[in-house]
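Step one of this worksheet: look at the structure below.
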Amino acid sequence: MSAIMRAANRRTVLRGIMSGAALSVGLPYLDIFLNSNGTALAATGAPLPTCFGSWFWGCGLTPGLWEPKTIGANYEMSPELKPLSAFKSQMNVYSGMKVFLDGKPPTPHQTGHQGALLGHVPKAGTRPDYPSLDVLVSNTIGTKTRFRSIEVTGGGSPNQSVSRRSGSALNPSEVSPVALYTRLFGPDFKDPNAAEFVPDPKVMVRKSVLSSVSDERAALMKELGSADRERLDEYFTSLRQLEHQLAVELEKPAPMEACTKPGAVEESAPGLEIDAVVKNLKLFSGLLAHALACNQTRVFNVSFADATSSVRRGGETATHHILTHEEALNEDMGYQPRAQWFNEVIMASLADQASALASVREGDGSLLDRTLVLASSETGFAKVHSLENIPMITIGSGGGRVKTGLHIQAKGDPVTRVGLTLQQVLDVPVSSWGTESMETSKTLSEAVA
């Protein structure tokens, strides 16, 4: 190791005393650790890890106001997508795709996102026993981080999540930015740029306790019926995830460019008043960006609120959802202006997420450059719960794996084409995805770099 590299290592943590207490402040991973383009670690040549996020909102967008008029590159931003104008060159818009029912009755506000994110439409009254797209991706790119994925929502309920490992294993959302801050950057956080690393003995004890039950588990499984074995297997699946987290905490983190521990956030009461939802999601956006930059996770999932979009303006009782059904179409405008207002606010919140990722500089680029975010909804036209022309947007290129600046239209094709394309560019070993009429082996090749 060169003398300059040793010096840089010593400076990655500042230590001092404040009010008699020892403290340390993690600094960004300096350019000296990167190659000339800032895309890989200079010492090993290893590329910076690719990250993935899903961003979900309910009640779709307004038909005719979100789809660009031009196919391909050089399209003009549509009215409802204008809050994302700063990211036009870094995003793609996908229009025209639908969810197929195969004769099954739809479940309003559920069937659409199940088709898009699970690749499957369940029978009425049954749970979709398939993992969501983010879980499939995290199984490939999220196995070496402290958290396999992080889920958040602005709507105040842990059940507001579209991430699931199986039909009965929902990955619940965090509702409090303060709680997420503590979870990510509390006592268990290990600065990846710190010169020294000492495993926490409490973590070592917890891991040894978990390991000690493996023989008892095997013996117990032999004594159980099939239903109990299935339940216990699901339980131990979650336990294995905890073991993985503990194992990661016992290893020295790899140094990460731009990792800084953010300042503490203020508590913001969750709720469905839209200003509170947007405020919390902006806090979450910053925390998620720091979590990715510090390699605490490589996968995240955001739910704007619940799938029915029960958000409302301050001082009003009518929710976004109610307005989509009950507000009359304005004859001059051709749409529902009060309901449409929410769509612009939601797209601005999505822009907050993109801005938080873009604000973390890494070499000549940013964290957004190595991240791929899929934003989608559950309906094409909320007034009639349409499952056609469901809005789908990607932001970021996943480290150059996706061509950007495109409007891609695939009229009448299943929405699973987007999910399959993203899985393949993120190295998930899959050649087709989806069930019944939703199954496809046809990627959107024009988006693949």
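If you're wondering about the labels, chains in the structure tokens are A, B, ... by order shown, residues count from 1 in each chain, ligands from 1 in order shown.
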Residues within 9 Å of Arg127 in chain A, only C-alpha atoms, excluding chain neighbours under 2 positions, as number ranges by chain: A: 122-125, 129-130, 166-168
Residues near Thr153 in chain A, cut-off 9 Å, only C-alpha atoms, skip fewer than 5 positions along chain, as a VMD selection string: chain A and resid 158 160 to 161 173 to 176 277 280 to 281 284 301 to 306
Which residue of A:Cys51, A:Leu350, A:Ala264, A:Met97 approaches Thr379 in chain A most closely, using only C-alpha atoms: A:Met97
Spatial neighbours of range 386-396 of chain A, 6 Å, only C-alpha atoms, chain gap at least 6 places, as a PyMOL selection string: chain A and resi 90-99+368-369+371-376+379-380
Test item: residues at most 6 Å from Trp433 in chain A, only C-alpha atoms, excluding those fewer than 2 positions along its chain, as a list in words: Leu420, Glu439 and Thr440 of chain A
Now that the selection is made, can you save its residues with N, CA, C and O atoms as a tab-separated table (two decimals), in the first residue's frame?
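Okay, selection-v5.tsv is ready:
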chain	number	residue	atom	x	y	z
A	420	LEU	N	-39.17	-8.56	-16.02
A	420	LEU	CA	-38.20	-9.51	-16.56
A	420	LEU	C	-36.95	-8.79	-17.04
A	420	LEU	O	-35.83	-9.24	-16.77
A	439	GLU	N	-47.00	-14.66	-18.16
A	439	GLU	CA	-45.65	-15.19	-18.38
A	439	GLU	C	-45.08	-14.63	-19.67
A	439	GLU	O	-45.75	-14.59	-20.70
A	440	THR	N	-43.84	-14.21	-19.60
A	440	THR	CA	-43.16	-13.68	-20.79
A	440	THR	C	-41.68	-14.03	-20.75
A	440	THR	O	-41.09	-14.12	-19.68
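Among the residues of range 46-166 of chain A, backbone DSSP assigns alpha helix (DSSP H) to A:Thr111, A:Gly112, A:His113, A:Gln114, A:Gly115, A:Ala116, A:Leu117, A:Leu118, A:Leu133, A:Asp134, A:Val135, A:Leu136, A:Val137, A:Ser138, A:Asn139, A:Thr140, A:Ile141.
Straight-line separation from CA of Arg370 in chain A to CA of Ala179 in chain A: 26.7 Å.
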